[in-house]
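The next block is target-v6.txt, given as compact mmCIF, C-alpha atoms.
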# COMPACT_ATOMS: atom_id res chain seq x y z
CA VAL U 1 19.35 -17.21 -10.03
CA ASP U 2 21.79 -14.27 -9.85
CA ASP U 3 21.75 -14.05 -13.67
CA GLU U 4 22.53 -17.77 -13.99
CA THR U 5 20.24 -20.46 -15.35
CA TRP U 6 19.71 -23.19 -12.76
CA GLY U 7 16.74 -24.95 -14.27
CA GLU U 8 13.55 -24.71 -16.23
CA LEU U 9 9.93 -24.38 -15.10
CA SER U 10 7.47 -26.02 -17.47
CA ALA U 11 3.68 -26.11 -17.55
CA ALA U 12 1.30 -27.99 -19.82
CA ARG U 13 -2.40 -28.48 -20.37
CA ARG U 14 -4.36 -31.21 -22.03
CA ILE U 15 -5.14 -30.62 -25.71
CA ASP U 16 -8.84 -30.18 -24.95
CA GLN U 17 -8.18 -27.29 -22.51
CA PRO U 18 -7.81 -23.61 -23.47
CA ALA U 19 -4.36 -22.21 -24.16
CA PHE U 20 -2.50 -20.28 -21.50
CA ASP U 21 -3.47 -16.62 -21.32
CA ASP U 22 -1.55 -13.61 -19.94
CA HIS U 23 -2.84 -14.26 -16.42
CA ASP U 24 -1.53 -17.84 -16.49
CA VAL U 25 1.86 -16.64 -17.71
CA SER U 26 1.96 -14.04 -14.92
CA ILE U 27 1.32 -16.74 -12.32
CA LEU U 28 4.08 -18.91 -13.77
CA ARG U 29 6.50 -15.97 -13.71
CA HIS U 30 5.61 -15.34 -10.07
CA ILE U 31 6.24 -19.01 -9.22
CA ALA U 32 9.59 -18.89 -11.03
CA THR U 33 10.61 -15.70 -9.19
CA GLU U 34 9.69 -17.13 -5.79
CA THR U 35 11.52 -20.37 -6.57
CA ALA U 36 14.65 -18.45 -7.61
CA SER U 37 14.47 -16.39 -4.42
CA ALA U 38 14.19 -19.52 -2.29
CA LEU U 39 17.17 -21.11 -4.04
CA THR U 40 19.23 -17.94 -3.58
CA ASN U 41 18.42 -17.79 0.12
CA THR U 42 19.27 -21.47 0.56
CA GLU U 43 22.62 -20.98 -1.15
CA ARG U 44 23.43 -17.90 0.92
CA TRP U 45 22.51 -19.57 4.20
CA ALA U 46 24.67 -22.55 3.26
CA GLU U 47 27.57 -20.17 2.61
CA ILE U 48 26.98 -18.39 5.93
CA GLU U 49 26.93 -21.74 7.73
CA LYS U 50 30.14 -22.74 6.00
CA MET U 51 31.80 -19.47 7.00
CA ALA U 52 30.73 -20.02 10.61
CA LEU U 53 32.47 -23.40 10.70
CA ARG U 54 35.56 -22.69 8.58
CA ASP U 55 38.70 -20.66 9.06
CA GLN U 56 38.64 -18.10 6.28
CA LEU U 57 42.42 -18.03 5.70
CA THR U 58 43.20 -21.74 5.51
CA GLY U 59 39.81 -23.29 4.77
CA LEU U 60 40.22 -25.65 7.69
CA ALA U 61 37.53 -26.28 10.27
CA ASN U 62 37.52 -23.85 13.18
CA ARG U 63 37.33 -24.34 16.95
CA HIS U 64 33.52 -24.72 16.87
CA VAL U 65 33.96 -27.88 14.79
CA LEU U 66 36.81 -29.04 17.03
CA TYR U 67 34.67 -28.75 20.15
CA ALA U 68 31.72 -30.52 18.50
CA VAL U 69 33.93 -33.44 17.39
CA LEU U 70 35.52 -33.77 20.83
CA ASP U 71 32.17 -33.53 22.60
CA GLU U 72 30.93 -36.45 20.52
CA ILE U 73 34.03 -38.47 21.42
CA PHE U 74 33.67 -37.75 25.12
CA ARG U 75 30.06 -38.89 25.13
CA ARG U 76 31.35 -42.41 24.55
CA ASP U 77 32.40 -44.91 27.15
CA PRO U 78 36.06 -44.31 28.11
CA VAL U 79 37.00 -47.72 26.71
CA ASP U 80 35.60 -46.74 23.31
CA ARG U 81 37.55 -43.49 23.06
CA GLN U 82 41.00 -44.53 24.26
CA ASP U 83 42.18 -45.00 20.66
CA CYS U 84 41.40 -41.34 19.87
CA ALA U 85 43.90 -38.52 20.15
CA VAL U 86 44.53 -34.87 19.44
CA ILE U 87 47.71 -33.38 18.03
CA MET U 88 48.25 -29.73 18.91
CA CYS U 89 50.50 -27.89 16.46
CA ASP U 90 52.05 -24.45 16.88
CA VAL U 91 53.89 -22.63 14.08
CA ASP U 92 57.21 -21.51 15.51
CA GLY U 93 58.22 -17.89 15.08
CA LEU U 94 55.02 -16.59 13.46
CA LYS U 95 55.20 -13.31 15.38
CA ILE U 96 58.77 -12.75 14.18
CA VAL U 97 57.64 -13.27 10.58
CA ASN U 98 54.65 -10.95 11.01
CA ASP U 99 56.77 -8.24 12.62
CA GLY U 100 59.69 -8.55 10.23
CA LEU U 101 58.12 -9.42 6.89
CA GLY U 102 54.50 -8.40 7.32
CA HIS U 103 51.24 -10.23 7.89
CA GLU U 104 51.02 -11.34 4.26
CA ALA U 105 54.17 -13.41 4.77
CA GLY U 106 52.72 -14.71 8.03
CA ASP U 107 49.52 -15.71 6.26
CA ARG U 108 51.52 -17.66 3.68
CA LEU U 109 53.25 -19.47 6.53
CA LEU U 110 49.87 -20.45 8.01
CA ILE U 111 48.54 -21.59 4.64
CA ASP U 112 51.62 -23.78 4.15
CA ALA U 113 51.16 -25.18 7.65
CA ALA U 114 47.57 -26.11 6.83
CA ALA U 115 48.75 -27.84 3.64
CA SER U 116 51.31 -29.82 5.63
CA LEU U 117 48.64 -30.98 8.07
CA ARG U 118 46.36 -32.07 5.23
CA SER U 119 49.15 -34.01 3.53
CA ALA U 120 50.18 -35.75 6.75
CA ILE U 121 46.78 -37.25 7.46
CA ARG U 122 46.64 -40.99 6.77
CA ASP U 123 42.89 -41.51 7.19
CA PRO U 124 40.86 -38.39 6.26
CA GLU U 125 37.59 -40.16 7.11
CA ARG U 126 38.62 -40.45 10.74
CA SER U 127 40.53 -37.18 11.08
CA THR U 128 39.50 -33.56 11.64
CA ILE U 129 41.96 -30.75 11.01
CA CYS U 130 41.25 -27.38 12.64
CA ARG U 131 42.85 -24.00 12.95
CA ILE U 132 42.12 -22.87 16.47
CA GLY U 133 43.40 -19.35 15.94
CA GLY U 134 46.66 -17.45 15.57
CA ASP U 135 49.49 -19.92 15.06
CA GLU U 136 47.67 -22.89 16.58
CA PHE U 137 46.26 -25.92 14.76
CA CYS U 138 44.76 -29.15 16.02
CA VAL U 139 44.25 -32.59 14.49
CA VAL U 140 41.69 -34.99 15.96
CA ILE U 141 42.26 -38.67 15.13
CA ASP U 142 39.06 -40.57 15.86
CA GLY U 143 40.24 -44.17 15.90
CA GLY U 144 43.55 -45.85 15.22
CA ALA U 145 45.46 -43.12 17.02
CA LEU U 146 47.56 -45.47 19.13
CA LEU U 147 49.21 -46.70 15.93
CA THR U 148 49.24 -43.53 13.84
CA ALA U 149 49.36 -40.39 16.00
CA HIS U 150 53.13 -40.23 16.44
CA GLU U 151 53.74 -40.92 12.76
CA VAL U 152 51.28 -38.18 11.76
CA SER U 153 52.93 -35.73 14.17
CA ASP U 154 56.40 -36.49 12.82
CA THR U 155 55.16 -36.16 9.24
CA ILE U 156 53.58 -32.76 9.94
CA GLU U 157 56.86 -31.46 11.33
CA ARG U 158 58.87 -32.90 8.45
CA LEU U 159 56.58 -31.62 5.67
CA PHE U 160 56.35 -28.13 7.12
CA ALA U 161 60.13 -27.90 7.53
CA ARG U 162 60.45 -28.69 3.80
CA SER U 163 57.70 -26.30 2.68
CA GLY U 164 59.86 -23.18 2.64
CA GLY U 165 62.54 -22.10 0.21
CA PRO U 166 66.10 -23.49 0.24
CA ASN U 167 67.32 -20.64 2.47
CA GLU U 168 64.30 -20.58 4.77
CA THR U 169 64.16 -22.35 8.10
CA ARG U 170 60.69 -23.35 9.23
CA SER U 171 59.46 -25.44 12.12
CA ILE U 172 56.21 -26.41 13.76
CA SER U 173 55.95 -27.91 17.24
CA CYS U 174 53.48 -30.73 17.88
CA GLY U 175 52.16 -32.34 21.03
CA ILE U 176 49.99 -35.45 21.35
CA ALA U 177 47.44 -36.48 23.96
CA PHE U 178 45.21 -39.55 23.97
CA ALA U 179 41.58 -39.62 25.14
CA SER U 180 42.25 -42.33 27.72
CA ALA U 181 40.06 -43.08 30.72
CA ASP U 182 42.13 -40.85 33.00
CA VAL U 183 41.37 -37.82 30.79
CA PRO U 184 37.82 -36.90 31.85
CA THR U 185 36.99 -33.92 29.61
CA ARG U 186 37.84 -32.34 26.28
CA SER U 187 39.48 -29.44 28.13
CA ASP U 188 41.80 -31.86 29.93
CA LEU U 189 42.67 -33.51 26.62
CA LEU U 190 43.46 -30.20 24.91
CA ARG U 191 45.44 -29.04 27.94
CA ALA U 192 47.54 -32.20 27.92
CA ALA U 193 48.27 -31.94 24.18
CA ASP U 194 49.06 -28.24 24.55
CA GLU U 195 51.51 -28.93 27.37
CA ASN U 196 53.22 -31.64 25.32
CA GLN U 197 53.41 -29.28 22.37
CA TYR U 198 55.00 -26.64 24.59
CA GLN U 199 57.59 -29.15 25.78
CA THR U 200 58.45 -29.91 22.14
CA LYS U 201 58.88 -26.21 21.44
CA ARG U 202 60.94 -25.71 24.59
CA ALA U 203 63.26 -28.61 23.74
CA ARG U 204 63.72 -27.32 20.20
CA ARG U 205 64.64 -23.86 21.44
CA ALA U 206 67.07 -25.30 23.96
CA ALA U 207 68.74 -27.37 21.23
CA ARG U 208 69.18 -24.20 19.16
CA GLY U 209 70.56 -22.26 22.10
CA GLU U 210 67.63 -19.83 21.98
CA PRO U 211 66.13 -18.17 25.07
CA ILE U 212 63.62 -20.63 26.49
CA ALA U 213 61.58 -17.88 28.10
CA ASP U 214 60.51 -16.70 24.63
CA ALA U 215 58.61 -19.94 24.14
CA VAL U 216 56.27 -19.31 27.07
CA ARG U 217 52.83 -18.11 26.05
CA HIS U 218 50.56 -15.89 28.08
CA ASP U 219 48.18 -17.66 30.45
CA GLY U 220 45.23 -16.09 28.64
CA ASP U 221 46.29 -17.76 25.40
CA ARG U 222 46.53 -21.12 27.13
CA ARG U 223 43.09 -20.72 28.72
CA ALA U 224 41.63 -19.90 25.30
CA ILE U 225 42.85 -23.25 24.00
CA ARG U 226 41.35 -25.22 26.88
CA ASP U 227 37.96 -23.49 27.14

Could you show the structure in this file as structure tokens?
Amino acid sequence: VDDETWGELSAARRIDQPAFDDHDVSILRHIATETASALTNTERWAEIEKMALRDQLTGLANRHVLYAVLDEIFRRDPVDRQDCAVIMCDVDGLKIVNDGLGHEAGDRLLIDAAASLRSAIRDPERSTICRIGGDEFCVVIDGGALLTAHEVSDTIERLFARSGGPNETRSISCGIAFASADVPTRSDLLRAADENQYQTKRARRAARGEPIADAVRHDGDRRAIRD
């Protein structure tokens, strides 16, 4: 398959039967070729499916996976999902980095953010990490969130702040929302987490004496997160 050996096709006859002739060998070669083609197509479709569900830069799941995970959670009884939460994370100052240092530097910032999210997760089996797009990430904690969500959020912020060089200041703003009974849909959950994340960003800017207006995103960006 693609000039690589994946296996071996063998054929045998009883000792009292005639030996294989050229026609038999031709049939076996045809079977081997068709098998190799089927394996190649299977591998390529698997790669296409993976690409459709993964963010190409960070390797994290994308928003399609996020929505599927949240839809499954919201199919449960409200009592059974109240210990689930989402953490919305927004890399601060990505546009400034892109404009000042170039998109390659911005990409490195996003890759480091993804690494910080992965390292902060306490229970990978019950967590889904996604890059929604741009500078936005989301963590879904499916169980145990009441005890762990705030710790995970704090750890993400701490790890990302330490991921740069000694003279580099980095920050990521996180907001948490729980899938409690008074949150009826996934859109409401994402909206609540996004608003809490924005408040974190706003407070951080105020503490630094930076213009708070710069932290406000366009309404279209906020709708894209909810929908």

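Within the 10 Å cut-off around Ile121 in chain U, using all atoms listed in the file and omitting residues fewer than 6 positions from it on the same chain, the listed residues are Ser127, Thr128, Ile129, Val139, Ile141, Thr148, Ala149, Glu151, Val152, Ser153, Thr155 and Ile156 of chain U.
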
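With all atoms listed in the file as the basis for measurement, U:Gly7 is the residue among U:Gly7, U:Arg75, U:Val86, U:Ala12 that approaches Ala36 in chain U most closely.
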
Residues near His64 in chain U, cut-off 7 Å, all atoms listed in the file, skip fewer than 3 positions along chain, as JSON, numbers by chain: {"U": [53, 67, 68]}

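With distances taken over all atoms listed in the file, U:Arg122 is the one residue among U:Arg191, U:Arg122, U:Lys201, U:His23 lying closest to Gly144 in chain U.
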
For range 114-116 of chain U: contacts at 7 Å, only C-alpha atoms, fewer than 5 positions along chain excluded, given as a VMD selection string: chain U and resid 58 156 159 to 160

Shell of 10 Å around Asp83 in chain U, all atoms listed in the file, local chain residues under 2 positions omitted, as a list in words: Pro78, Val79, Asp80, Arg81, Ala85, Ile141, Asp142, Gly143, Gly144, Ala145, Leu146, Leu147, Thr148, Ala149, Phe178, Ala179 and Ser180 of chain U

Dump as a PDB file, keeping the file's coordinate frame, selection limited to C-alpha atoms:
ATOM      1  CA  PRO U  78      36.060 -44.310  28.110  1.00  0.00           C
ATOM      2  CA  VAL U  79      37.000 -47.720  26.710  1.00  0.00           C
ATOM      3  CA  ASP U  80      35.600 -46.740  23.310  1.00  0.00           C
ATOM      4  CA  ARG U  81      37.550 -43.490  23.060  1.00  0.00           C
ATOM      5  CA  ALA U  85      43.900 -38.520  20.150  1.00  0.00           C
ATOM      6  CA  ILE U 141      42.260 -38.670  15.130  1.00  0.00           C
ATOM      7  CA  ASP U 142      39.060 -40.570  15.860  1.00  0.00           C
ATOM      8  CA  GLY U 143      40.240 -44.170  15.900  1.00  0.00           C
ATOM      9  CA  GLY U 144      43.550 -45.850  15.220  1.00  0.00           C
ATOM     10  CA  ALA U 145      45.460 -43.120  17.020  1.00  0.00           C
ATOM     11  CA  LEU U 146      47.560 -45.470  19.130  1.00  0.00           C
ATOM     12  CA  LEU U 147      49.210 -46.700  15.930  1.00  0.00           C
ATOM     13  CA  THR U 148      49.240 -43.530  13.840  1.00  0.00           C
ATOM     14  CA  ALA U 149      49.360 -40.390  16.000  1.00  0.00           C
ATOM     15  CA  PHE U 178      45.210 -39.550  23.970  1.00  0.00           C
ATOM     16  CA  ALA U 179      41.580 -39.620  25.140  1.00  0.00           C
ATOM     17  CA  SER U 180      42.250 -42.330  27.720  1.00  0.00           C
TER      18      SER U 180
END

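Of note, CA of Arg158 in chain U and CA of Leu66 in chain U are spaced 24.0 Å apart.
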
Among the residues U:Asp21, U:Asp90, U:Cys138, U:Val183, the one that comes closest to Tyr198 in chain U [using only C-alpha atoms]: U:Asp90

Spatial neighbours of Gly106 in chain U, 8 Å, all atoms listed in the file, chain gap at least 3 places, as an MDAnalysis selection string: chainID U and resid 94:95 97:98 101:103 109:110

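Minimum distance to Trp6 in chain U across U:Ala203, U:Ile111, U:Ala61, U:Leu39 (counting only C-alpha atoms) occurs at U:Leu39.
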
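Here CA of Gln199 in chain U and CA of Met88 in chain U stand 11.6 Å from one another.
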
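CA of Pro124 in chain U is found 29.9 Å from CA of Pro166 in chain U.
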
Counting only C-alpha atoms, the residue of U:Ala38, U:Leu57, U:Ala161, U:Ile176 that sits nearest Leu189 in chain U: U:Ile176

For Glu195 in chain U, the nearest of the candidates U:Gly134, U:Phe74, U:Ala177, U:Asp22, counting all atoms listed in the file: U:Ala177

Mind giving me the axis-aligned box for range 109-121 of chain U with 8 Å on every side, centre plus edges in Å to one decimal, as AutoDock Vina command-line options?
--center_x 49.8 --center_y -28.4 --center_z 5.8 --size_x 22.9 --size_y 33.8 --size_z 20.5
